[in-house]
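File shown: final03.txt. Contents: compact mmCIF, C-alpha atoms.
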```txt
# COMPACT_ATOMS: atom_id res chain seq x y z
CA MET A 1 -32.78 44.16 -3.95
CA ILE A 2 -30.99 45.73 -1.00
CA GLU A 3 -28.50 48.49 -1.59
CA ARG A 4 -26.57 50.55 0.92
CA LYS A 5 -23.54 52.75 1.26
CA VAL A 6 -20.94 51.24 3.63
CA VAL A 7 -17.70 52.66 4.98
CA ILE A 8 -14.59 50.45 5.24
CA ARG A 9 -13.32 50.78 8.80
CA ASN A 10 -10.38 48.47 9.26
CA GLN A 11 -6.90 49.98 9.29
CA LEU A 12 -5.44 48.14 6.29
CA GLY A 13 -8.50 48.48 4.08
CA LEU A 14 -10.03 45.75 1.95
CA HIS A 15 -6.85 43.76 1.29
CA ALA A 16 -6.50 40.05 0.51
CA ARG A 17 -7.45 38.52 3.86
CA PRO A 18 -10.69 40.48 4.43
CA ALA A 19 -11.61 40.18 0.78
CA ALA A 20 -11.25 36.39 1.02
CA LEU A 21 -13.52 36.37 4.07
CA PHE A 22 -16.07 38.47 2.21
CA VAL A 23 -16.05 36.22 -0.86
CA LYS A 24 -16.37 33.06 1.22
CA LYS A 25 -19.38 34.46 3.07
CA ALA A 26 -21.02 35.81 -0.08
CA SER A 27 -20.50 32.52 -1.93
CA ARG A 28 -22.67 30.67 0.57
CA TYR A 29 -25.75 32.52 -0.68
CA LEU A 30 -27.71 32.29 -3.89
CA SER A 31 -28.11 36.06 -4.15
CA ARG A 32 -26.09 38.13 -6.57
CA VAL A 33 -23.63 40.28 -4.62
CA THR A 34 -21.92 43.33 -6.04
CA ILE A 35 -19.64 45.97 -4.62
CA SER A 36 -19.11 49.28 -6.34
CA LYS A 37 -16.77 52.14 -5.76
CA ASP A 38 -16.17 55.26 -7.85
CA GLY A 39 -18.63 53.98 -10.43
CA ILE A 40 -16.89 50.63 -10.92
CA GLU A 41 -18.99 47.61 -10.07
CA VAL A 42 -17.46 44.21 -9.29
CA ASN A 43 -18.81 40.77 -8.46
CA GLY A 44 -18.77 40.18 -4.70
CA LYS A 45 -18.08 36.49 -5.13
CA SER A 46 -14.85 36.99 -7.05
CA ILE A 47 -11.82 38.11 -5.10
CA LEU A 48 -9.56 39.72 -7.66
CA GLY A 49 -12.20 42.23 -8.75
CA ILE A 50 -12.74 43.32 -5.15
CA LEU A 51 -9.01 43.79 -4.63
CA MET A 52 -8.77 45.89 -7.80
CA LEU A 53 -11.10 48.43 -6.22
CA ALA A 54 -8.37 49.08 -3.60
CA CYS A 55 -10.86 50.15 -0.90
CA GLU A 56 -8.72 51.87 1.74
CA LYS A 57 -9.86 52.71 5.25
CA GLY A 58 -12.53 55.38 5.14
CA SER A 59 -13.58 54.70 1.57
CA ARG A 60 -17.26 54.36 0.76
CA ILE A 61 -18.53 51.39 -1.17
CA ILE A 62 -21.99 50.46 -2.30
CA LEU A 63 -23.00 46.97 -1.28
CA LYS A 64 -25.78 45.51 -3.37
CA VAL A 65 -27.47 42.14 -2.77
CA GLU A 66 -30.21 40.73 -4.92
CA GLY A 67 -31.92 37.34 -4.73
CA GLU A 68 -34.17 35.10 -2.71
CA ASP A 69 -31.89 35.02 0.36
CA GLU A 70 -30.86 38.68 0.08
CA LYS A 71 -31.94 39.72 3.61
CA LYS A 72 -29.77 37.21 5.45
CA CYS A 73 -26.88 37.58 3.03
CA PHE A 74 -26.89 41.40 3.23
CA LYS A 75 -26.95 41.36 7.03
CA GLU A 76 -24.06 38.95 7.27
CA LEU A 77 -21.89 40.87 4.81
CA LEU A 78 -22.74 44.18 6.44
CA ASP A 79 -21.80 42.82 9.86
CA LEU A 80 -18.50 41.60 8.46
CA VAL A 81 -17.62 45.10 7.22
CA LYS A 82 -18.86 46.74 10.43
CA GLU A 83 -16.82 44.38 12.57
CA LYS A 84 -13.75 45.40 10.57
CA PHE A 85 -13.27 41.85 9.27
CA ASP A 86 -11.92 40.90 12.71
CA GLU A 87 -8.99 43.25 12.22
CA GLU A 88 -7.96 46.51 13.82
CA MET B 4 5.13 2.93 13.49
CA ALA B 5 8.30 1.21 14.64
CA ARG B 6 9.85 -1.15 12.17
CA LYS B 7 12.23 -3.99 12.86
CA ILE B 8 14.46 -6.58 11.20
CA GLN B 9 15.06 -10.04 12.52
CA VAL B 10 18.70 -11.14 12.41
CA GLU B 11 17.59 -14.21 10.47
CA GLU B 12 16.03 -11.96 7.80
CA LEU B 13 19.20 -9.93 7.63
CA LEU B 14 21.16 -13.10 6.96
CA THR B 15 18.86 -14.54 4.31
CA GLU B 16 17.90 -11.30 2.52
CA GLN B 17 21.13 -9.34 2.75
CA GLY B 18 23.62 -12.16 3.29
CA GLU B 19 24.93 -11.97 -0.23
CA LYS B 20 25.15 -8.19 -0.47
CA PHE B 21 27.13 -7.83 2.76
CA GLN B 22 28.91 -11.20 2.45
CA PHE B 23 27.57 -12.26 5.85
CA ARG B 24 28.36 -15.63 7.42
CA LEU B 25 27.02 -16.80 10.77
CA LEU B 26 29.81 -17.80 13.15
CA ALA B 27 27.94 -18.58 16.34
CA GLY B 28 24.80 -17.93 18.35
CA GLU B 29 22.29 -19.37 15.88
CA LYS B 30 19.82 -19.75 18.71
CA GLY B 31 19.60 -15.97 18.81
CA LEU B 32 18.61 -15.52 15.17
CA LYS B 33 15.13 -14.44 16.21
CA ARG B 34 16.55 -11.33 17.89
CA LYS B 35 15.24 -8.09 16.46
CA ILE B 36 17.00 -4.92 15.33
CA PHE B 37 15.03 -1.70 15.87
CA SER B 38 17.63 1.00 15.42
CA SER B 39 19.48 1.99 12.29
CA ASP B 40 22.33 3.29 14.47
CA ILE B 41 25.38 1.13 14.92
CA ASN B 42 27.83 1.03 17.81
CA ARG B 43 31.52 0.25 18.19
CA PRO B 44 31.71 -1.30 21.68
CA GLY B 45 35.30 -0.31 22.47
CA LEU B 46 34.48 1.39 25.77
CA ALA B 47 32.13 -1.40 26.83
CA LEU B 48 34.94 -3.88 26.27
CA ALA B 49 37.29 -1.69 28.29
CA GLY B 50 34.84 -2.00 31.16
CA TYR B 51 32.71 1.15 30.92
CA THR B 52 29.09 0.18 30.34
CA GLY B 53 27.53 3.29 31.87
CA VAL B 54 26.03 4.53 28.61
CA PHE B 55 26.40 1.40 26.54
CA GLN B 56 24.10 1.51 23.49
CA TRP B 57 23.46 -2.20 23.68
CA LYS B 58 20.24 -2.16 21.66
CA ARG B 59 22.21 -1.22 18.59
CA ILE B 60 24.09 -3.50 16.25
CA GLN B 61 27.61 -3.88 17.63
CA ILE B 62 30.43 -3.76 15.13
CA LEU B 63 33.82 -5.17 15.97
CA GLY B 64 36.63 -3.82 13.82
CA GLU B 65 40.37 -4.00 14.03
CA THR B 66 40.52 -1.71 17.09
CA GLU B 67 38.22 -3.89 19.19
CA ILE B 68 39.74 -7.20 18.11
CA SER B 69 43.35 -6.10 18.61
CA TYR B 70 42.40 -4.72 22.02
CA LEU B 71 40.82 -8.06 22.97
CA ASN B 72 43.85 -9.93 21.68
CA SER B 73 46.12 -7.78 23.87
CA LEU B 74 44.38 -9.03 27.02
CA ASN B 75 45.21 -12.25 28.86
CA PRO B 76 42.54 -14.96 28.38
CA LYS B 77 40.98 -14.44 31.80
CA THR B 78 40.59 -10.68 31.46
CA ARG B 79 39.41 -11.11 27.88
CA ARG B 80 36.70 -13.50 28.98
CA SER B 81 35.46 -11.22 31.74
CA SER B 82 35.57 -8.18 29.45
CA LEU B 83 33.47 -9.97 26.83
CA LYS B 84 31.20 -11.40 29.48
CA LYS B 85 30.42 -7.94 30.81
CA MET B 86 29.57 -6.60 27.36
CA MET B 87 27.53 -9.66 26.46
CA SER B 88 25.50 -9.58 29.64
CA PHE B 89 23.38 -7.06 27.69
CA GLU B 90 20.71 -8.28 25.26
CA ILE B 91 22.66 -7.26 22.17
CA PRO B 92 20.71 -7.99 18.93
CA VAL B 93 23.73 -8.98 16.86
CA LEU B 94 27.53 -8.67 16.80
CA ILE B 95 29.25 -8.18 13.47
CA LEU B 96 32.92 -8.75 12.80
CA ALA B 97 34.22 -6.67 9.94
CA LYS B 98 37.21 -7.15 7.66
CA GLY B 99 37.05 -10.94 8.09
CA LEU B 100 38.78 -10.64 11.45
CA SER B 101 39.04 -13.88 13.38
CA PRO B 102 37.25 -13.65 16.69
CA PRO B 103 38.68 -14.75 20.04
CA THR B 104 37.33 -18.20 20.99
CA GLU B 105 35.81 -16.70 24.15
CA LEU B 106 33.56 -14.54 21.97
CA LEU B 107 32.15 -17.55 20.14
CA GLU B 108 31.64 -19.53 23.34
CA LEU B 109 29.86 -16.68 25.05
CA SER B 110 27.69 -15.93 22.04
CA SER B 111 26.39 -19.51 21.97
CA GLU B 112 25.84 -19.40 25.69
CA ARG B 113 24.06 -16.01 25.60
CA LYS B 114 22.28 -16.74 22.29
CA ILE B 115 23.67 -13.62 20.67
CA PRO B 116 24.35 -14.17 16.97
CA VAL B 117 27.80 -13.30 15.60
CA LEU B 118 28.14 -12.51 11.91
CA ILE B 119 31.30 -11.97 9.94
CA THR B 120 31.80 -9.95 6.76
CA HIS B 121 34.90 -9.54 4.64
CA LEU B 122 34.11 -5.92 3.86
CA LYS B 123 36.43 -3.36 5.47
CA THR B 124 35.03 -1.77 8.62
CA THR B 125 34.33 1.83 7.50
CA PRO B 126 32.99 1.07 4.01
CA PHE B 127 30.89 -1.67 5.56
CA ILE B 128 29.43 0.73 8.13
CA HIS B 129 28.51 3.23 5.42
CA LEU B 130 26.89 0.65 3.19
CA PHE B 131 25.14 -1.08 6.06
CA THR B 132 23.82 2.15 7.59
CA GLU B 133 22.33 3.15 4.25
CA TYR B 134 20.48 -0.15 4.15
CA LEU B 135 19.36 0.07 7.80
CA VAL B 136 18.05 3.63 7.46
CA GLU B 137 15.93 2.65 4.49
CA ARG B 138 14.78 -0.60 6.05
CA LEU B 139 13.95 0.82 9.49
CA SER B 140 12.55 4.26 8.63
CA PRO B 141 8.94 4.94 9.60
CA GLU B 142 6.61 4.09 6.77
CA THR B 143 2.98 4.54 5.85
CA THR B 144 0.75 3.67 2.91
CA LEU B 145 -1.67 6.24 1.52
CA HIS B 146 -4.44 6.18 -1.02
CA GLY B 147 -3.42 8.55 -3.78
CA THR B 148 -1.30 9.05 -6.85
CA LEU B 149 2.29 10.26 -6.87
CA VAL B 150 3.59 12.18 -9.86
CA ASP B 151 6.75 14.13 -10.56
CA VAL B 152 5.74 17.48 -12.06
CA TYR B 153 8.66 19.75 -13.03
CA GLY B 154 10.71 17.89 -10.43
CA VAL B 155 8.16 18.51 -7.67
CA GLY B 156 6.68 15.38 -6.09
CA LEU B 157 2.90 15.91 -6.04
CA LEU B 158 0.75 13.55 -4.03
CA LEU B 159 -2.72 13.67 -5.58
CA THR B 160 -5.48 12.70 -3.18
CA GLY B 161 -9.27 12.74 -3.18
CA GLU B 162 -12.07 10.23 -2.96
CA ALA B 163 -12.18 7.17 -5.22
CA GLY B 164 -13.39 7.96 -8.72
CA ILE B 165 -12.76 11.70 -8.51
CA GLY B 166 -10.13 11.56 -11.23
CA LYS B 167 -6.69 11.20 -9.68
CA SER B 168 -5.58 8.62 -12.24
CA GLU B 169 -7.05 10.63 -15.13
CA CYS B 170 -5.17 13.66 -13.86
CA ALA B 171 -1.96 11.61 -13.68
CA LEU B 172 -2.58 10.44 -17.23
CA SER B 173 -2.90 14.03 -18.48
CA LEU B 174 0.28 14.96 -16.62
CA VAL B 175 2.18 12.04 -18.16
CA GLU B 176 0.89 13.13 -21.57
CA ARG B 177 2.38 16.57 -20.92
CA GLY B 178 5.78 15.05 -20.23
CA HIS B 179 5.65 14.55 -16.46
CA ARG B 180 6.34 11.28 -14.72
CA LEU B 181 4.22 8.75 -12.87
CA VAL B 182 5.64 7.24 -9.68
CA ALA B 183 2.72 5.30 -8.22
CA ASP B 184 -1.03 5.08 -8.61
CA ASP B 185 -3.70 4.20 -6.06
CA LEU B 186 -1.36 3.12 -3.27
CA VAL B 187 1.71 5.10 -2.37
CA ARG B 188 4.20 3.88 0.16
CA ILE B 189 5.83 6.78 1.97
CA THR B 190 9.00 6.43 4.00
CA LYS B 191 10.41 9.09 6.29
CA ILE B 192 14.11 9.47 5.73
CA GLY B 193 16.38 11.26 8.14
CA GLY B 194 13.46 12.83 10.00
CA THR B 195 12.56 15.46 7.38
CA VAL B 196 12.27 13.88 3.95
CA LEU B 197 9.27 11.90 2.72
CA MET B 198 10.11 9.44 -0.03
CA GLY B 199 7.29 7.88 -2.02
CA ARG B 200 7.11 4.85 -4.25
CA GLY B 201 4.67 2.19 -5.36
CA CYS B 202 3.69 -0.79 -3.24
CA GLU B 203 3.90 -3.36 -6.02
CA GLN B 204 5.81 -6.47 -5.17
CA GLY B 205 6.94 -7.24 -8.69
CA GLU B 206 8.70 -4.88 -11.10
CA ARG B 207 6.23 -5.78 -13.86
CA LEU B 208 3.23 -4.76 -11.80
CA ARG B 209 4.48 -1.20 -11.52
CA TYR B 210 3.37 1.89 -13.42
CA HIS B 211 -0.17 0.90 -14.24
CA LEU B 212 -3.12 3.26 -14.10
CA GLU B 213 -6.72 2.27 -13.77
CA ILE B 214 -8.78 4.59 -15.95
CA ARG B 215 -12.56 4.37 -15.60
CA GLY B 216 -14.01 3.01 -18.80
CA LEU B 217 -10.68 2.02 -20.32
CA GLY B 218 -9.38 -0.41 -17.73
CA ILE B 219 -5.77 -0.94 -16.78
CA ILE B 220 -3.24 1.09 -18.72
CA ASP B 221 0.47 0.27 -18.91
CA VAL B 222 2.07 3.70 -18.79
CA PRO B 223 5.66 3.03 -19.98
CA SER B 224 4.38 0.88 -22.88
CA ILE B 225 2.18 3.69 -24.15
CA PHE B 226 4.15 6.78 -23.21
CA GLY B 227 7.73 5.51 -23.02
CA ILE B 228 10.11 4.69 -20.23
CA HIS B 229 10.75 8.38 -19.50
CA ALA B 230 7.12 8.70 -18.37
CA VAL B 231 7.79 6.89 -15.10
CA ARG B 232 10.18 6.97 -12.20
CA GLN B 233 10.83 4.59 -9.33
CA GLU B 234 10.68 6.93 -6.39
CA LYS B 235 10.24 10.61 -5.68
CA ARG B 236 10.34 12.88 -2.69
CA VAL B 237 6.80 13.87 -1.70
CA GLU B 238 6.81 17.67 -1.56
CA MET B 239 3.20 18.79 -1.83
CA LYS B 240 -0.23 17.32 -1.35
CA VAL B 241 -2.88 18.26 -3.91
CA GLU B 242 -6.39 17.27 -2.94
CA ILE B 243 -8.96 17.11 -5.70
CA ALA B 244 -12.31 17.96 -4.13
CA LYS B 245 -15.90 17.95 -5.31
CA TRP B 246 -17.58 21.22 -6.19
CA PRO B 247 -19.35 22.84 -4.42
CA ASP B 248 -17.17 22.42 -1.42
CA SER B 249 -16.09 26.00 -1.30
CA GLY B 250 -16.05 26.13 2.48
CA ASP B 251 -12.34 25.79 2.97
CA ILE B 252 -10.92 26.58 -0.44
CA ASP B 253 -7.93 28.91 -0.24
CA LEU B 254 -8.74 32.04 -2.25
CA THR B 255 -5.54 33.98 -1.85
CA GLY B 256 -2.73 31.56 -1.15
CA LEU B 257 -1.69 33.77 1.79
CA GLU B 258 -2.21 31.04 4.34
CA GLU B 259 0.26 28.46 2.99
CA ARG B 260 -1.62 25.49 4.34
CA ARG B 261 0.37 22.52 5.51
CA ILE B 262 -0.41 18.97 6.49
CA LYS B 263 1.59 16.33 8.28
CA ILE B 264 2.55 12.95 6.90
CA LEU B 265 4.58 10.81 9.32
CA ASP B 266 5.09 14.01 11.35
CA VAL B 267 6.74 15.81 8.43
CA GLU B 268 4.96 18.98 7.28
CA ILE B 269 4.40 19.60 3.58
CA PRO B 270 2.36 22.27 1.75
CA TYR B 271 -1.18 21.32 0.92
CA VAL B 272 -3.56 22.71 -1.67
CA LYS B 273 -7.14 21.81 -2.47
CA ILE B 274 -8.43 22.06 -6.02
CA PRO B 275 -12.22 22.09 -6.46
CA LEU B 276 -13.51 20.20 -9.46
CA ALA B 277 -15.92 22.04 -11.71
CA PRO B 278 -16.86 21.85 -15.37
CA GLY B 279 -14.17 23.32 -17.55
CA LYS B 280 -11.38 22.96 -15.01
CA ASP B 281 -8.24 21.34 -16.28
CA VAL B 282 -6.94 19.77 -13.09
CA ALA B 283 -3.71 18.51 -14.63
CA PHE B 284 -2.88 22.00 -15.85
CA LEU B 285 -3.68 23.39 -12.40
CA CYS B 286 -1.30 20.81 -10.92
CA GLU B 287 1.43 22.09 -13.23
CA VAL B 288 0.84 25.66 -12.14
CA GLY B 289 0.67 24.53 -8.50
CA ALA B 290 4.07 22.87 -8.86
CA LYS B 291 5.56 25.99 -10.45
CA ASN B 292 4.08 28.20 -7.73
CA TYR B 293 5.64 25.87 -5.17
CA LEU B 294 9.02 26.22 -6.88
CA LEU B 295 8.65 30.01 -6.81
CA ARG B 296 7.93 29.93 -3.09
CA VAL B 297 10.89 27.65 -2.42
CA THR B 298 13.10 30.30 -4.01
CA GLY B 299 11.61 32.87 -1.63
CA VAL B 300 9.04 34.51 -3.91
CA ASN B 301 5.52 34.63 -2.54
CA PRO B 302 3.15 36.03 -5.18
CA ALA B 303 0.13 36.24 -2.84
CA LYS B 304 2.08 38.13 -0.19
CA ASN B 305 3.70 40.45 -2.72
CA PHE B 306 0.32 41.25 -4.24
CA ASP B 307 -1.25 41.94 -0.85
CA GLN B 308 1.62 44.15 0.32
CA GLU B 309 1.52 46.16 -2.90
CA LEU B 310 -2.24 46.64 -2.52
CA ILE B 311 -1.90 47.74 1.11
CA ARG B 312 0.82 50.24 0.12
CA LEU B 313 -1.40 51.64 -2.61
CA MET B 314 -4.32 52.10 -0.19
CA GLU B 315 -2.07 53.77 2.39
CA ARG B 316 -0.98 56.28 -0.26
CA LYS B 317 -4.58 57.01 -1.18
CA LYS B 318 -5.45 57.56 2.48
CA GLY B 319 -2.55 60.01 2.76
CA GLU B 320 -3.68 61.99 -0.28
CA GLU B 321 -7.21 62.37 1.02
CA ALA B 322 -6.13 63.48 4.48
```

For this file, produce the structure as structure tokens.
Amino acid sequence: MIERKVVIRNQLGLHARPAALFVKKASRYLSRVTISKDGIEVNGKSILGILMLACEKGSRIILKVEGEDEKKCFKELLDLVKEKFDEE
Amino acid sequence: MARKIQVEELLTEQGEKFQFRLLAGEKGLKRKIFSSDINRPGLALAGYTGVFQWKRIQILGETEISYLNSLNPKTRRSSLKKMMSFEIPVLILAKGLSPPTELLELSSERKIPVLITHLKTTPFIHLFTEYLVERLSPETTLHGTLVDVYGVGLLLTGEAGIGKSECALSLVERGHRLVADDLVRITKIGGTVLMGRGCEQGERLRYHLEIRGLGIIDVPSIFGIHAVRQEKRVEMKVEIAKWPDSGDIDLTGLEERRIKILDVEIPYVKIPLAPGKDVAFLCEVGAKNYLLRVTGVNPAKNFDQELIRLMERKKGEEA
């Protein structure tokens, strides 16, 4: 299992478009993906839960990936957040 | 693809409806009509052929005939000769007007057919244009099933055996209407509207569904005549896709995907099949969502904007 604190950096936060990107990427892997914020944990392959967290710019989330392809999956998802989901 | 009508076809297929009779120029019956536009050749007869729309059907009404009759025979002949030097597909006399003899002579000579109808000029033009538009509009045939769901024409597509017909059957059972199964003929009307109907030649071959394991089902016999309709505007394409095929599934509905049929854009959604999914029910909701959007409500956008506003507020509070 890989777990790490990540900061959301894009201006608009984790709204529908970036969340959709995240879910699409996560869904390509077998690993279980979860995001948690303020003690609430949601499934990283299900969009509505992620949106309910309302992760604004600057908020800290915990990204957790667990499974046989966890290394590759974690790196790809982390890069997506770091690259601000191709937004500002 | 360009469509056409041969004058001969027009005479045999529509002769009765428009009360057509051939007066002269039978050697030109193989001429083809490509345009649904008609032309009144008044100016061409008066001598101006600069922008003469000669490829169109030429209609001679009272104005043209009385003008021709006002000329002396020599001028009349040369006026008609000038107009008929063009490869006109067909000339139609309306209102049962008797043509000048020069017209008949020239039409035989030039092999341009002349038809006569007893219908009055303007009503004839309206009726005839309606027929021409339908007969000459671009057309294509697609593999799919067309259903009317809450008044929205849904074109169900997807590979053979995926369950389009079964989905249509469920929709019919819920009170919606079947238009065509397996092959849908789509016609573009007026440049922006796609009209769909079945391809069956005979009326009795219509409205059948092929259901794997059950065979051919006669929909109106089982569900009633209200379960079918002849034609329907195609407003949205719903593709039923195999799961997993999650690559390009729309998760938010923010994108409003569109596809082109005959160069007309319509919204397009893709529904992945998975155990427990009721595709027919999803089609119903898809149709209702479409109706909401048509009225200017966009649930995905509203949701996203509300979320962004909420996050902005939170950012402000922390700062």

**OP:** Residues of chain B no more than 9 Å from chain A, counting all atoms listed in the file: send them over as an MDAnalysis selection string.
**Re:** chainID B and resid 249:255 257 303:304 306:308 310:311 313:315 317:318

Output C-alpha atoms of each residue in that selection to a file, as a short mmCIF file (atom, residue, chain, number, x, y, z; two decimals), in the coordinates of the input.
```
data_model
loop_
_atom_site.label_atom_id
_atom_site.label_comp_id
_atom_site.auth_asym_id
_atom_site.auth_seq_id
_atom_site.Cartn_x
_atom_site.Cartn_y
_atom_site.Cartn_z
CA SER B 249 -16.09 26.00 -1.30
CA GLY B 250 -16.05 26.13 2.48
CA ASP B 251 -12.34 25.79 2.97
CA ILE B 252 -10.92 26.58 -0.44
CA ASP B 253 -7.93 28.91 -0.24
CA LEU B 254 -8.74 32.04 -2.25
CA THR B 255 -5.54 33.98 -1.85
CA LEU B 257 -1.69 33.77 1.79
CA ALA B 303 0.13 36.24 -2.84
CA LYS B 304 2.08 38.13 -0.19
CA PHE B 306 0.32 41.25 -4.24
CA ASP B 307 -1.25 41.94 -0.85
CA GLN B 308 1.62 44.15 0.32
CA LEU B 310 -2.24 46.64 -2.52
CA ILE B 311 -1.90 47.74 1.11
CA LEU B 313 -1.40 51.64 -2.61
CA MET B 314 -4.32 52.10 -0.19
CA GLU B 315 -2.07 53.77 2.39
CA LYS B 317 -4.58 57.01 -1.18
CA LYS B 318 -5.45 57.56 2.48
#
```

Original post:
Can you tell me, as a list in words, what residues are no more than 7 Å from B:Tyr271 when counting all atoms listed in the file, ignoring any on the same chain fewer than 4 positions away?
Top reply: Met239, Lys240, Val241, Arg260, Arg261 and Ile262 of chain B

Subject >> B:Gly227, B:Tyr293, B:Arg34, B:Ala244 ranked by distance to B:Gly256, top pick (using all atoms listed in the file) >> reply: B:Tyr293

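Picture a line from atom CA of B:Phe23 to atom CA of B:Leu48; it runs 23.3 Å.
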
Original post:
What's the 8 Å shell around B:Val187, counting all atoms listed in the file, without same-chain residues fewer than 4 positions away, as JSON, numbers by chain?
Top reply: {"B": [144, 145, 146, 147, 148, 149, 183, 199, 200, 201, 202]}

Original post:
Skipping near chain neighbours, those fewer than 2 positions away, what residues fall within 8 Å of A:Val33 using all atoms listed in the file, listed as JSON, numbers by chain?
Top reply: {"A": [26, 31, 35, 43, 44, 45, 63, 64, 65, 66]}

Selection file, C-alpha atoms, as a PDB file, keeping the file's coordinate frame:
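File written: result.pdb
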```
ATOM      1  CA  ALA A  26     -21.020  35.810  -0.080  1.00  0.00           C
ATOM      2  CA  SER A  31     -28.110  36.060  -4.150  1.00  0.00           C
ATOM      3  CA  ILE A  35     -19.640  45.970  -4.620  1.00  0.00           C
ATOM      4  CA  ASN A  43     -18.810  40.770  -8.460  1.00  0.00           C
ATOM      5  CA  GLY A  44     -18.770  40.180  -4.700  1.00  0.00           C
ATOM      6  CA  LYS A  45     -18.080  36.490  -5.130  1.00  0.00           C
ATOM      7  CA  LEU A  63     -23.000  46.970  -1.280  1.00  0.00           C
ATOM      8  CA  LYS A  64     -25.780  45.510  -3.370  1.00  0.00           C
ATOM      9  CA  VAL A  65     -27.470  42.140  -2.770  1.00  0.00           C
ATOM     10  CA  GLU A  66     -30.210  40.730  -4.920  1.00  0.00           C
TER      11      GLU A  66
END
```

Original post:
So which residues touch B:Lys58 within 10 Å, counting only C-alpha atoms, skipping near sequence neighbours fewer than 6 positions away, as a list in words?
Top reply: Lys35, Ile36, Phe37, Ser38, Asp40, Ile41, Asn42, Phe89, Glu90, Ile91, Pro92 and Val93 of chain B

Original post:
What is the atom CA of A:Cys73 to atom CA of A:Glu41 distance in Å?
Top reply: 18.3 Å

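Here atom CA of B:Gly45 and atom CA of B:Thr15 stand 28.3 Å from one another.
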
Subject >> Radius query 7 Å about (-10.8, 49.0, 11.6), atoms used: all atoms listed in the file, as a PyMOL selection string >> reply: chain A and resi 9-11+84+87-88

Subject >> Expected residue set, 12 Å radius at (42.8, -2.2, 18.1), all atoms listed in the file, as a PyMOL selection string >> reply: chain B and resi 43-46+48-49+63-74+100
